[in-house]
Amino acid sequence: MLEKLNTLDRRWIYLVITVAVVIPIIFPIGLPIKISQHTRQFYERIENLPQGAIVCMSFDYGPGTRVECHPMAEAALYHLFSRHCKVVAVALWPEGALFAREALREVAQETGAAEGIDYVNLGYKAGGEVVLRGAGDDWRAFFPTDIDGRSWETLPLLENVKGWDSIDLICAWSMGKPGVLEYVRVVGGTYHRPIITGTTAVTSPEAMPLLNSGQIEGILQGMRGASEYETLLNRPGSAVRGMDALSMAHLAIAAFIIMANVIYWLNKKRGQRSNSANGGAR
């Protein structure tokens, strides 16, 4: 038995890890999720918005981090639309405009939000901080139409949007540059607009000083933060399923580590007994 385990084909290990990841995604386990204070702050900031508040949601992430940031965006859109808030989506990353379109349409279908009335997608604009400063008092200068080329006059929601002073809250999904740091410098520093953010787990430490200083008022940290937020909303989605998969994969890896150590210990004991027997025979 020990010899078979010592020569175990590593493909069996890959198969077990694959099963441990795939099954919870298809059939969610619903492992308990503890809500962090940071996620609760994020939730409360949106929960305390008045009905009809206008929120700028900035989609500043790419395909490589979609798995972490996109569930956050969908959950926040659901939260906002459920509270009858309005959303103006922009993107400082080229791919972000397409992710915004996907999230808005999916959540709007779920909540009944109407395009042009409850939400508008203004699309991508290159320039990062330059765009944020230039659009400060008049968004039309940098976003003359929405992502589909419709003018402001055909989008009732934009009648109430002039500049950053028209926005009640900024929600930036950020994974790098440009991202939440640019919003803090320009929109928070110059126009004193409140900001919340969602980041990847790797980049969240960079945003923590901003939270501690009060420059941002809430943060979701990676897939864990997204799953906590979905739990608070009682709307389990891809982040909750992803955390189930991660947890099961980690358990499988831990089991293999324990098994490898047990095998090593048994082999060592067998070797010691073999040496003792050979010594006695001599």
# chains A, B, ... in the order shown; residues from 1 in each chain; ligands from 1

call {"tool": "closest_atom_pairs", "arguments": {"of": "region 152-186 of chain A", "to": "region 136-144 of chain A", "cutoff": "12 Å", "atoms": "only C-alpha atoms", "output": "JSON lines"}}
result
{"residue": "A:Trp152", "atom": "CA", "partner": "A:Pro144", "partner_atom": "CA", "distance": 7.1}
{"residue": "A:Glu153", "atom": "CA", "partner": "A:Pro144", "partner_atom": "CA", "distance": 10.3}
{"residue": "A:Thr154", "atom": "CA", "partner": "A:Pro144", "partner_atom": "CA", "distance": 11.8}
{"residue": "A:Leu155", "atom": "CA", "partner": "A:Pro144", "partner_atom": "CA", "distance": 11.6}
{"residue": "A:Leu158", "atom": "CA", "partner": "A:Trp139", "partner_atom": "CA", "distance": 9.7}
{"residue": "A:Glu159", "atom": "CA", "partner": "A:Arg140", "partner_atom": "CA", "distance": 11.3}
{"residue": "A:Asn160", "atom": "CA", "partner": "A:Trp139", "partner_atom": "CA", "distance": 11.3}
{"residue": "A:Val161", "atom": "CA", "partner": "A:Trp139", "partner_atom": "CA", "distance": 7.7}
{"residue": "A:Lys162", "atom": "CA", "partner": "A:Asp138", "partner_atom": "CA", "distance": 5.2}
{"residue": "A:Gly163", "atom": "CA", "partner": "A:Asp137", "partner_atom": "CA", "distance": 4.1}
{"residue": "A:Trp164", "atom": "CA", "partner": "A:Gly136", "partner_atom": "CA", "distance": 5.4}
{"residue": "A:Asp165", "atom": "CA", "partner": "A:Asp137", "partner_atom": "CA", "distance": 7.6}
{"residue": "A:Ser166", "atom": "CA", "partner": "A:Asp137", "partner_atom": "CA", "distance": 9.1}
{"residue": "A:Ile167", "atom": "CA", "partner": "A:Gly136", "partner_atom": "CA", "distance": 10.7}
{"residue": "A:Tyr183", "atom": "CA", "partner": "A:Gly136", "partner_atom": "CA", "distance": 11.3}
{"residue": "A:Val186", "atom": "CA", "partner": "A:Gly136", "partner_atom": "CA", "distance": 8.6}

call {"tool": "residues_around", "arguments": {"residues": "Pro94 (chain A)", "least_positions_apart": "4", "cutoff": "8 Å", "atoms": "only C-alpha atoms", "output": "PDB file with all heavy atoms, in the first residue's frame"}}
result
ATOM      1  N   LEU A  98     -17.637  47.230 -21.271  1.00  0.00           N
ATOM      2  CA  LEU A  98     -18.366  46.018 -21.669  1.00  0.00           C
ATOM      3  C   LEU A  98     -18.826  45.237 -20.444  1.00  0.00           C
ATOM      4  O   LEU A  98     -19.922  44.674 -20.432  1.00  0.00           O
ATOM      5  CB  LEU A  98     -17.480  45.147 -22.561  1.00  0.00           C
ATOM      6  CG  LEU A  98     -17.003  45.823 -23.856  1.00  0.00           C
ATOM      7  CD1 LEU A  98     -16.116  44.877 -24.654  1.00  0.00           C
ATOM      8  CD2 LEU A  98     -18.184  46.286 -24.693  1.00  0.00           C
ATOM      9  N   TYR A 124     -16.459  53.955 -21.963  1.00  0.00           N
ATOM     10  CA  TYR A 124     -15.041  54.137 -21.631  1.00  0.00           C
ATOM     11  C   TYR A 124     -14.513  55.460 -22.169  1.00  0.00           C
ATOM     12  O   TYR A 124     -14.880  55.890 -23.263  1.00  0.00           O
ATOM     13  CB  TYR A 124     -14.232  52.994 -22.225  1.00  0.00           C
ATOM     14  CG  TYR A 124     -12.749  53.247 -22.323  1.00  0.00           C
ATOM     15  CD1 TYR A 124     -11.960  53.314 -21.181  1.00  0.00           C
ATOM     16  CD2 TYR A 124     -12.146  53.424 -23.569  1.00  0.00           C
ATOM     17  CE1 TYR A 124     -10.589  53.543 -21.276  1.00  0.00           C
ATOM     18  CE2 TYR A 124     -10.779  53.655 -23.672  1.00  0.00           C
ATOM     19  CZ  TYR A 124     -10.008  53.712 -22.524  1.00  0.00           C
ATOM     20  OH  TYR A 124      -8.656  53.947 -22.626  1.00  0.00           O
ATOM     21  N   LYS A 125     -13.660  56.080 -21.381  1.00  0.00           N
ATOM     22  CA  LYS A 125     -12.956  57.288 -21.830  1.00  0.00           C
ATOM     23  C   LYS A 125     -11.512  57.189 -21.374  1.00  0.00           C
ATOM     24  O   LYS A 125     -11.226  56.994 -20.193  1.00  0.00           O
ATOM     25  CB  LYS A 125     -13.619  58.539 -21.255  1.00  0.00           C
ATOM     26  CG  LYS A 125     -12.980  59.827 -21.729  1.00  0.00           C
ATOM     27  CD  LYS A 125     -13.114  60.024 -23.229  1.00  0.00           C
ATOM     28  CE  LYS A 125     -14.539  60.198 -23.669  1.00  0.00           C
ATOM     29  NZ  LYS A 125     -14.660  60.539 -25.106  1.00  0.00           N
ATOM     30  N   ALA A 126     -10.587  57.304 -22.307  1.00  0.00           N
ATOM     31  CA  ALA A 126      -9.160  57.229 -21.986  1.00  0.00           C
ATOM     32  C   ALA A 126      -8.700  58.521 -21.321  1.00  0.00           C
ATOM     33  O   ALA A 126      -9.216  59.600 -21.607  1.00  0.00           O
ATOM     34  CB  ALA A 126      -8.348  56.978 -23.261  1.00  0.00           C
TER      35      ALA A 126
END

call {"tool": "select_by_dssp", "arguments": {"residues": "region 83-185 of chain A", "states": "alpha helix (DSSP H)", "output": "list in words"}}
result
Pro94, Glu95, Gly96, Ala97, Leu98, Phe99, Ala100, Arg101, Glu102, Ala103, Leu104, Arg105, Glu106, Val107, Ala108, Gln109, Glu110, Thr111, Glu129, Val130, Val131, Leu132, Arg133, Gly134, Val180, Leu181, Glu182 and Tyr183 of chain A

call {"tool": "write_last_selection", "arguments": {"atoms": "N, CA, C and O atoms", "output": "CSV table (one decimal), in the first residue's frame"}}
result
chain,number,residue,atom,x,y,z
A,94,PRO,N,-10.7,50.1,-20.8
A,94,PRO,CA,-11.4,49.8,-22.0
A,94,PRO,C,-12.4,48.6,-21.8
A,94,PRO,O,-13.6,48.7,-22.3
A,95,GLU,N,-12.0,47.6,-21.2
A,95,GLU,CA,-12.9,46.4,-21.0
A,95,GLU,C,-14.0,46.7,-20.0
A,95,GLU,O,-15.0,46.0,-20.1
A,96,GLY,N,-13.8,47.7,-19.2
A,96,GLY,CA,-14.8,48.0,-18.1
A,96,GLY,C,-16.1,48.4,-18.7
A,96,GLY,O,-17.2,48.0,-18.1
A,97,ALA,N,-16.2,49.1,-19.8
A,97,ALA,CA,-17.4,49.5,-20.4
A,97,ALA,C,-18.3,48.3,-20.8
A,97,ALA,O,-19.5,48.3,-20.6
A,98,LEU,N,-17.6,47.2,-21.3
A,98,LEU,CA,-18.4,46.0,-21.7
A,98,LEU,C,-18.8,45.2,-20.4
A,98,LEU,O,-19.9,44.7,-20.4
A,99,PHE,N,-18.0,45.2,-19.4
A,99,PHE,CA,-18.4,44.6,-18.2
A,99,PHE,C,-19.6,45.3,-17.5
A,99,PHE,O,-20.5,44.7,-17.0
A,100,ALA,N,-19.6,46.6,-17.7
A,100,ALA,CA,-20.7,47.5,-17.1
A,100,ALA,C,-21.9,47.1,-17.9
A,100,ALA,O,-23.0,47.0,-17.3
A,101,ARG,N,-21.9,47.0,-19.2
A,101,ARG,CA,-23.0,46.7,-20.0
A,101,ARG,C,-23.6,45.3,-19.5
A,101,ARG,O,-24.8,45.2,-19.4
A,102,GLU,N,-22.7,44.3,-19.4
A,102,GLU,CA,-23.2,43.0,-19.0
A,102,GLU,C,-23.8,43.0,-17.6
A,102,GLU,O,-24.9,42.4,-17.5
A,103,ALA,N,-23.2,43.7,-16.7
A,103,ALA,CA,-23.8,43.7,-15.3
A,103,ALA,C,-25.1,44.4,-15.2
A,103,ALA,O,-26.0,44.0,-14.6
A,104,LEU,N,-25.1,45.6,-15.9
A,104,LEU,CA,-26.3,46.4,-15.9
A,104,LEU,C,-27.5,45.7,-16.5
A,104,LEU,O,-28.6,45.7,-15.9
A,105,ARG,N,-27.3,45.1,-17.6
A,105,ARG,CA,-28.4,44.4,-18.3
A,105,ARG,C,-28.9,43.2,-17.5
A,105,ARG,O,-30.1,42.9,-17.4
A,106,GLU,N,-28.0,42.5,-16.9
A,106,GLU,CA,-28.4,41.3,-16.1
A,106,GLU,C,-29.1,41.6,-14.9
A,106,GLU,O,-30.2,41.1,-14.6
A,107,VAL,N,-28.6,42.6,-14.1
A,107,VAL,CA,-29.3,43.0,-12.9
A,107,VAL,C,-30.6,43.8,-13.2
A,107,VAL,O,-31.6,43.7,-12.4
A,108,ALA,N,-30.6,44.6,-14.2
A,108,ALA,CA,-31.8,45.3,-14.6
A,108,ALA,C,-32.9,44.3,-15.0
A,108,ALA,O,-34.1,44.5,-14.6
A,109,GLN,N,-32.6,43.2,-15.6
A,109,GLN,CA,-33.6,42.2,-15.9
A,109,GLN,C,-34.2,41.6,-14.6
A,109,GLN,O,-35.3,41.3,-14.6
A,110,GLU,N,-33.3,41.5,-13.6
A,110,GLU,CA,-33.7,40.9,-12.4
A,110,GLU,C,-34.6,41.8,-11.6
A,110,GLU,O,-35.5,41.4,-10.9
A,111,THR,N,-34.3,43.1,-11.6
A,111,THR,CA,-34.9,44.1,-10.7
A,111,THR,C,-36.0,44.9,-11.4
A,111,THR,O,-36.7,45.6,-10.8
A,129,GLU,N,-7.0,60.2,-14.7
A,129,GLU,CA,-7.2,61.4,-13.9
A,129,GLU,C,-7.6,62.6,-14.6
A,129,GLU,O,-8.4,63.5,-14.2
A,130,VAL,N,-7.1,62.7,-15.9
A,130,VAL,CA,-7.4,63.9,-16.7
A,130,VAL,C,-8.9,63.9,-17.0
A,130,VAL,O,-9.6,65.0,-17.0
A,131,VAL,N,-9.5,62.7,-17.2
A,131,VAL,CA,-10.9,62.7,-17.5
A,131,VAL,C,-11.7,63.1,-16.3
A,131,VAL,O,-12.7,63.9,-16.4
A,132,LEU,N,-11.3,62.6,-15.1
A,132,LEU,CA,-12.0,63.0,-13.9
A,132,LEU,C,-12.0,64.5,-13.6
A,132,LEU,O,-13.0,65.1,-13.2
A,133,ARG,N,-10.9,65.1,-13.9
A,133,ARG,CA,-10.7,66.5,-13.7
A,133,ARG,C,-11.5,67.3,-14.7
A,133,ARG,O,-12.2,68.3,-14.4
A,134,GLY,N,-11.4,66.9,-16.0
A,134,GLY,CA,-12.1,67.6,-17.1
A,134,GLY,C,-13.6,67.5,-17.0
A,134,GLY,O,-14.3,68.4,-17.4
A,180,VAL,N,-9.2,53.6,-7.9
A,180,VAL,CA,-9.8,54.4,-6.8
A,180,VAL,C,-8.9,55.5,-6.3
A,180,VAL,O,-9.3,56.5,-5.8
A,181,LEU,N,-7.6,55.4,-6.5
A,181,LEU,CA,-6.6,56.4,-6.1
A,181,LEU,C,-6.9,57.7,-6.8
A,181,LEU,O,-6.9,58.8,-6.2
A,182,GLU,N,-7.2,57.6,-8.1
A,182,GLU,CA,-7.5,58.8,-8.9
A,182,GLU,C,-8.8,59.4,-8.4
A,182,GLU,O,-8.9,60.6,-8.4
A,183,TYR,N,-9.8,58.6,-8.1
A,183,TYR,CA,-11.1,59.1,-7.6
A,183,TYR,C,-10.9,59.8,-6.2
A,183,TYR,O,-11.5,60.9,-6.0

call {"tool": "select_by_dssp", "arguments": {"residues": "region 11-93 of chain A", "states": "strand (DSSP E or B)", "output": "mmCIF file with N, CA and C atoms, in the first residue's frame"}}
result
data_model
loop_
_atom_site.group_PDB
_atom_site.id
_atom_site.type_symbol
_atom_site.label_atom_id
_atom_site.label_comp_id
_atom_site.auth_asym_id
_atom_site.auth_seq_id
_atom_site.Cartn_x
_atom_site.Cartn_y
_atom_site.Cartn_z
ATOM 1 N N ILE A 54 -28.218 59.483 -6.884
ATOM 2 C CA ILE A 54 -27.476 59.169 -8.111
ATOM 3 C C ILE A 54 -26.076 58.689 -7.729
ATOM 4 N N VAL A 55 -25.738 57.497 -8.194
ATOM 5 C CA VAL A 55 -24.456 56.881 -7.870
ATOM 6 C C VAL A 55 -23.648 56.713 -9.150
ATOM 7 N N CYS A 56 -22.407 57.152 -9.126
ATOM 8 C CA CYS A 56 -21.494 56.907 -10.240
ATOM 9 C C CYS A 56 -20.751 55.606 -9.951
ATOM 10 N N MET A 57 -20.886 54.635 -10.833
ATOM 11 C CA MET A 57 -20.210 53.357 -10.675
ATOM 12 C C MET A 57 -19.147 53.238 -11.759
ATOM 13 N N SER A 58 -17.893 53.149 -11.326
ATOM 14 C CA SER A 58 -16.770 53.120 -12.265
ATOM 15 C C SER A 58 -16.217 51.706 -12.377
ATOM 16 N N PHE A 59 -16.253 51.141 -13.581
ATOM 17 C CA PHE A 59 -15.822 49.766 -13.836
ATOM 18 C C PHE A 59 -14.381 49.792 -14.342
ATOM 19 N N ASP A 60 -13.443 49.640 -13.427
ATOM 20 C CA ASP A 60 -12.025 49.790 -13.761
ATOM 21 C C ASP A 60 -11.269 48.493 -13.503
ATOM 22 N N LYS A 86 -30.344 55.593 -8.614
ATOM 23 C CA LYS A 86 -29.986 55.698 -10.022
ATOM 24 C C LYS A 86 -28.488 55.454 -10.185
ATOM 25 N N VAL A 87 -28.091 54.868 -11.299
ATOM 26 C CA VAL A 87 -26.693 54.526 -11.536
ATOM 27 C C VAL A 87 -26.223 55.106 -12.864
ATOM 28 N N VAL A 88 -25.105 55.822 -12.807
ATOM 29 C CA VAL A 88 -24.420 56.280 -14.010
ATOM 30 C C VAL A 88 -23.092 55.529 -14.061
ATOM 31 N N ALA A 89 -22.938 54.663 -15.053
ATOM 32 C CA ALA A 89 -21.737 53.832 -15.164
ATOM 33 C C ALA A 89 -20.735 54.476 -16.114
ATOM 34 N N VAL A 90 -19.475 54.473 -15.705
ATOM 35 C CA VAL A 90 -18.372 54.931 -16.547
ATOM 36 C C VAL A 90 -17.254 53.900 -16.439
ATOM 37 N N ALA A 91 -16.225 54.054 -17.267
ATOM 38 C CA ALA A 91 -15.088 53.134 -17.218
ATOM 39 C C ALA A 91 -13.816 53.870 -17.605
#

call {"tool": "residues_around", "arguments": {"residues": "Ile35 (chain A)", "least_positions_apart": "2", "cutoff": "10 Å", "atoms": "only C-alpha atoms", "output": "list of chain:residue names"}}
result
A:Pro32, A:Ile33, A:Gln37, A:His38, A:Thr39, A:Arg40, A:Arg224, A:Gly225, A:Ser227, A:Glu228, A:Tyr229, A:Thr231, A:Leu232

call {"tool": "atom_distance", "arguments": {"atom1": "CA of Ala226 (chain A)", "atom2": "CA of Cys171 (chain A)"}}
result
14.0 Å

call {"tool": "closest_residue", "arguments": {"among": "A:Leu8, A:Ala53, A:Ala201, A:Met72", "to": "Pro236 (chain A)", "atoms": "only C-alpha atoms"}}
result
A:Met72

call {"tool": "closest_atom_pairs", "arguments": {"of": "region 240-279 of chain A", "to": "region 12-30 of chain A", "cutoff": "10 Å", "atoms": "only C-alpha atoms", "output": "Markdown table"}}
result
| residue | atom | partner | partner_atom | distance |
| --- | --- | --- | --- | --- |
| A:Val240 | CA | A:Gly30 | CA | 7.5 |
| A:Arg241 | CA | A:Ile25 | CA | 5.1 |
| A:Gly242 | CA | A:Ile25 | CA | 6.5 |
| A:Met243 | CA | A:Pro24 | CA | 8.9 |
| A:Asp244 | CA | A:Pro24 | CA | 5.8 |
| A:Ala245 | CA | A:Val21 | CA | 4.5 |
| A:Leu246 | CA | A:Val21 | CA | 6.8 |
| A:Ser247 | CA | A:Val21 | CA | 8.6 |
| A:Met248 | CA | A:Ala20 | CA | 5.5 |
| A:Ala249 | CA | A:Ala20 | CA | 5.4 |
| A:His250 | CA | A:Ile17 | CA | 8.9 |
| A:Leu251 | CA | A:Ala20 | CA | 8.7 |
| A:Ala252 | CA | A:Ile17 | CA | 6.5 |
| A:Ile253 | CA | A:Ile17 | CA | 7.6 |
| A:Phe256 | CA | A:Ile13 | CA | 8.2 |

call {"tool": "write_last_selection", "arguments": {"atoms": "all heavy atoms", "output": "JSON list (two decimals), in the first residue's frame"}}
result
[["chain", "number", "residue", "atom", "x", "y", "z"],
["A", 240, "VAL", "N", -20.33, 33.57, -3.63],
["A", 240, "VAL", "CA", -20.59, 32.55, -2.60],
["A", 240, "VAL", "C", -20.20, 31.18, -3.12],
["A", 240, "VAL", "O", -19.57, 30.38, -2.41],
["A", 240, "VAL", "CB", -22.07, 32.58, -2.18],
["A", 240, "VAL", "CG1", -22.40, 31.38, -1.31],
["A", 240, "VAL", "CG2", -22.37, 33.87, -1.41],
["A", 241, "ARG", "N", -20.57, 30.88, -4.36],
["A", 241, "ARG", "CA", -20.18, 29.60, -4.95],
["A", 241, "ARG", "C", -18.66, 29.49, -5.06],
["A", 241, "ARG", "O", -18.07, 28.43, -4.83],
["A", 241, "ARG", "CB", -20.83, 29.42, -6.33],
["A", 241, "ARG", "CG", -22.34, 29.28, -6.30],
["A", 241, "ARG", "CD", -22.87, 28.77, -7.62],
["A", 241, "ARG", "NE", -22.55, 29.67, -8.73],
["A", 241, "ARG", "CZ", -23.30, 30.68, -9.10],
["A", 241, "ARG", "NH1", -24.43, 30.94, -8.45],
["A", 241, "ARG", "NH2", -22.96, 31.44, -10.12],
["A", 242, "GLY", "N", -18.02, 30.61, -5.43],
["A", 242, "GLY", "CA", -16.57, 30.62, -5.55],
["A", 242, "GLY", "C", -15.88, 30.37, -4.22],
["A", 242, "GLY", "O", -14.87, 29.66, -4.15],
["A", 243, "MET", "N", -16.42, 30.93, -3.13],
["A", 243, "MET", "CA", -15.84, 30.69, -1.81],
["A", 243, "MET", "C", -16.02, 29.24, -1.38],
["A", 243, "MET", "O", -15.15, 28.66, -0.74],
["A", 243, "MET", "CB", -16.46, 31.64, -0.79],
["A", 243, "MET", "CG", -15.98, 33.08, -0.90],
["A", 243, "MET", "SD", -14.19, 33.25, -0.80],
["A", 243, "MET", "CE", -13.89, 32.62, 0.85],
["A", 244, "ASP", "N", -17.18, 28.65, -1.73],
["A", 244, "ASP", "CA", -17.36, 27.22, -1.46],
["A", 244, "ASP", "C", -16.29, 26.40, -2.17],
["A", 244, "ASP", "O", -15.68, 25.50, -1.59],
["A", 244, "ASP", "CB", -18.75, 26.77, -1.95],
["A", 244, "ASP", "CG", -19.86, 27.15, -0.99],
["A", 244, "ASP", "OD1", -19.56, 27.55, 0.15],
["A", 244, "ASP", "OD2", -21.04, 27.04, -1.38],
["A", 245, "ALA", "N", -16.05, 26.74, -3.45],
["A", 245, "ALA", "CA", -15.05, 26.01, -4.24],
["A", 245, "ALA", "C", -13.65, 26.20, -3.67],
["A", 245, "ALA", "O", -12.88, 25.24, -3.56],
["A", 245, "ALA", "CB", -15.10, 26.47, -5.69],
["A", 246, "LEU", "N", -13.32, 27.42, -3.29],
["A", 246, "LEU", "CA", -12.00, 27.69, -2.70],
["A", 246, "LEU", "C", -11.82, 26.92, -1.40],
["A", 246, "LEU", "O", -10.75, 26.34, -1.14],
["A", 246, "LEU", "CB", -11.83, 29.18, -2.45],
["A", 246, "LEU", "CG", -11.47, 30.06, -3.65],
["A", 246, "LEU", "CD1", -11.49, 31.53, -3.25],
["A", 246, "LEU", "CD2", -10.11, 29.69, -4.22],
["A", 247, "SER", "N", -12.85, 26.92, -0.57],
["A", 247, "SER", "CA", -12.76, 26.23, 0.71],
["A", 247, "SER", "C", -12.55, 24.73, 0.52],
["A", 247, "SER", "O", -11.72, 24.11, 1.19],
["A", 247, "SER", "CB", -14.03, 26.48, 1.54],
["A", 247, "SER", "OG", -14.18, 27.86, 1.83],
["A", 248, "MET", "N", -13.31, 24.14, -0.41],
["A", 248, "MET", "CA", -13.16, 22.70, -0.65],
["A", 248, "MET", "C", -11.81, 22.37, -1.26],
["A", 248, "MET", "O", -11.20, 21.35, -0.93],
["A", 248, "MET", "CB", -14.29, 22.21, -1.57],
["A", 248, "MET", "CG", -15.68, 22.32, -0.95],
["A", 248, "MET", "SD", -15.81, 21.52, 0.67],
["A", 248, "MET", "CE", -15.47, 19.81, 0.23],
["A", 249, "ALA", "N", -11.31, 23.24, -2.14],
["A", 249, "ALA", "CA", -9.98, 23.02, -2.72],
["A", 249, "ALA", "C", -8.90, 23.09, -1.65],
["A", 249, "ALA", "O", -7.97, 22.28, -1.62],
["A", 249, "ALA", "CB", -9.71, 24.04, -3.82],
["A", 250, "HIS", "N", -9.03, 24.06, -0.74],
["A", 250, "HIS", "CA", -8.06, 24.18, 0.36],
["A", 250, "HIS", "C", -8.12, 22.95, 1.27],
["A", 250, "HIS", "O", -7.07, 22.46, 1.74],
["A", 250, "HIS", "CB", -8.34, 25.44, 1.17],
["A", 250, "HIS", "CG", -8.01, 26.69, 0.41],
["A", 250, "HIS", "ND1", -8.50, 27.93, 0.79],
["A", 250, "HIS", "CD2", -7.25, 26.91, -0.68],
["A", 250, "HIS", "CE1", -8.05, 28.84, -0.06],
["A", 250, "HIS", "NE2", -7.30, 28.23, -0.96],
["A", 251, "LEU", "N", -9.32, 22.44, 1.54],
["A", 251, "LEU", "CA", -9.45, 21.24, 2.37],
["A", 251, "LEU", "C", -8.80, 20.04, 1.69],
["A", 251, "LEU", "O", -8.14, 19.22, 2.34],
["A", 251, "LEU", "CB", -10.93, 20.95, 2.64],
["A", 251, "LEU", "CG", -11.62, 21.87, 3.66],
["A", 251, "LEU", "CD1", -13.12, 21.56, 3.69],
["A", 251, "LEU", "CD2", -11.01, 21.67, 5.05],
["A", 252, "ALA", "N", -8.99, 19.94, 0.36],
["A", 252, "ALA", "CA", -8.39, 18.83, -0.37],
["A", 252, "ALA", "C", -6.87, 18.91, -0.33],
["A", 252, "ALA", "O", -6.18, 17.90, -0.13],
["A", 252, "ALA", "CB", -8.89, 18.83, -1.82],
["A", 253, "ILE", "N", -6.33, 20.12, -0.51],
["A", 253, "ILE", "CA", -4.88, 20.30, -0.46],
["A", 253, "ILE", "C", -4.36, 19.97, 0.94],
["A", 253, "ILE", "O", -3.32, 19.31, 1.09],
["A", 253, "ILE", "CB", -4.51, 21.75, -0.86],
["A", 253, "ILE", "CG1", -4.81, 21.96, -2.35],
["A", 253, "ILE", "CG2", -3.04, 22.03, -0.57],
["A", 253, "ILE", "CD1", -4.73, 23.40, -2.78],
["A", 256, "PHE", "N", -4.18, 16.26, 1.35],
["A", 256, "PHE", "CA", -3.03, 15.68, 0.67],
["A", 256, "PHE", "C", -1.73, 15.93, 1.45],
["A", 256, "PHE", "O", -0.86, 15.06, 1.52],
["A", 256, "PHE", "CB", -2.90, 16.24, -0.75],
["A", 256, "PHE", "CG", -3.82, 15.61, -1.74],
["A", 256, "PHE", "CD1", -4.70, 16.37, -2.48],
["A", 256, "PHE", "CD2", -3.80, 14.23, -1.94],
["A", 256, "PHE", "CE1", -5.55, 15.79, -3.41],
["A", 256, "PHE", "CE2", -4.64, 13.64, -2.87],
["A", 256, "PHE", "CZ", -5.52, 14.41, -3.60]]

call {"tool": "atom_distance", "arguments": {"atom1": "CA of Arg11 (chain A)", "atom2": "CA of Ile263 (chain A)"}}
result
18.4 Å

call {"tool": "closest_residue", "arguments": {"among": "A:Thr7, A:Gly218, A:Ala75, A:Thr203", "to": "Glu44 (chain A)", "atoms": "only C-alpha atoms"}}
result
A:Gly218

call {"tool": "decode", "arguments": {"residues": "region 171-182 of chain A", "atoms": "N, CA, C and O atoms", "output": "PDB file, in the first residue's frame"}}
result
ATOM      1  N   CYS A 171     -18.806  54.751  -6.535  1.00  0.00           N
ATOM      2  CA  CYS A 171     -18.504  53.348  -6.256  1.00  0.00           C
ATOM      3  C   CYS A 171     -17.526  52.873  -7.326  1.00  0.00           C
ATOM      4  O   CYS A 171     -17.902  52.697  -8.489  1.00  0.00           O
ATOM      5  N   ALA A 172     -16.248  52.725  -6.952  1.00  0.00           N
ATOM      6  CA  ALA A 172     -15.193  52.405  -7.914  1.00  0.00           C
ATOM      7  C   ALA A 172     -14.734  50.969  -7.752  1.00  0.00           C
ATOM      8  O   ALA A 172     -14.268  50.581  -6.682  1.00  0.00           O
ATOM      9  N   TRP A 173     -14.888  50.187  -8.815  1.00  0.00           N
ATOM     10  CA  TRP A 173     -14.361  48.819  -8.830  1.00  0.00           C
ATOM     11  C   TRP A 173     -12.963  48.902  -9.417  1.00  0.00           C
ATOM     12  O   TRP A 173     -12.789  49.110 -10.608  1.00  0.00           O
ATOM     13  N   SER A 174     -11.976  48.765  -8.564  1.00  0.00           N
ATOM     14  CA  SER A 174     -10.617  49.121  -8.944  1.00  0.00           C
ATOM     15  C   SER A 174      -9.651  47.963  -8.773  1.00  0.00           C
ATOM     16  O   SER A 174      -9.667  47.274  -7.761  1.00  0.00           O
ATOM     17  N   MET A 175      -8.770  47.741  -9.761  1.00  0.00           N
ATOM     18  CA  MET A 175      -7.737  46.727  -9.632  1.00  0.00           C
ATOM     19  C   MET A 175      -6.351  47.299  -9.912  1.00  0.00           C
ATOM     20  O   MET A 175      -5.367  46.580  -9.916  1.00  0.00           O
ATOM     21  N   GLY A 176      -6.269  48.578 -10.186  1.00  0.00           N
ATOM     22  CA  GLY A 176      -4.953  49.131 -10.500  1.00  0.00           C
ATOM     23  C   GLY A 176      -5.032  50.602 -10.843  1.00  0.00           C
ATOM     24  O   GLY A 176      -5.791  51.354 -10.244  1.00  0.00           O
ATOM     25  N   LYS A 177      -4.273  51.005 -11.832  1.00  0.00           N
ATOM     26  CA  LYS A 177      -4.194  52.400 -12.232  1.00  0.00           C
ATOM     27  C   LYS A 177      -4.662  52.538 -13.681  1.00  0.00           C
ATOM     28  O   LYS A 177      -4.146  51.814 -14.543  1.00  0.00           O
ATOM     29  N   PRO A 178      -5.599  53.430 -13.990  1.00  0.00           N
ATOM     30  CA  PRO A 178      -6.327  54.296 -13.054  1.00  0.00           C
ATOM     31  C   PRO A 178      -7.387  53.520 -12.280  1.00  0.00           C
ATOM     32  O   PRO A 178      -7.873  52.497 -12.736  1.00  0.00           O
ATOM     33  N   GLY A 179      -7.712  54.070 -11.110  1.00  0.00           N
ATOM     34  CA  GLY A 179      -8.681  53.398 -10.261  1.00  0.00           C
ATOM     35  C   GLY A 179      -9.084  54.268  -9.097  1.00  0.00           C
ATOM     36  O   GLY A 179      -9.207  55.489  -9.226  1.00  0.00           O
ATOM     37  N   VAL A 180      -9.236  53.645  -7.935  1.00  0.00           N
ATOM     38  CA  VAL A 180      -9.790  54.360  -6.785  1.00  0.00           C
ATOM     39  C   VAL A 180      -8.869  55.485  -6.315  1.00  0.00           C
ATOM     40  O   VAL A 180      -9.345  56.509  -5.804  1.00  0.00           O
ATOM     41  N   LEU A 181      -7.560  55.353  -6.488  1.00  0.00           N
ATOM     42  CA  LEU A 181      -6.644  56.417  -6.052  1.00  0.00           C
ATOM     43  C   LEU A 181      -6.910  57.715  -6.806  1.00  0.00           C
ATOM     44  O   LEU A 181      -6.863  58.809  -6.235  1.00  0.00           O
ATOM     45  N   GLU A 182      -7.207  57.592  -8.101  1.00  0.00           N
ATOM     46  CA  GLU A 182      -7.513  58.783  -8.893  1.00  0.00           C
ATOM     47  C   GLU A 182      -8.825  59.416  -8.430  1.00  0.00           C
ATOM     48  O   GLU A 182      -8.947  60.646  -8.365  1.00  0.00           O
TER      49      GLU A 182
END
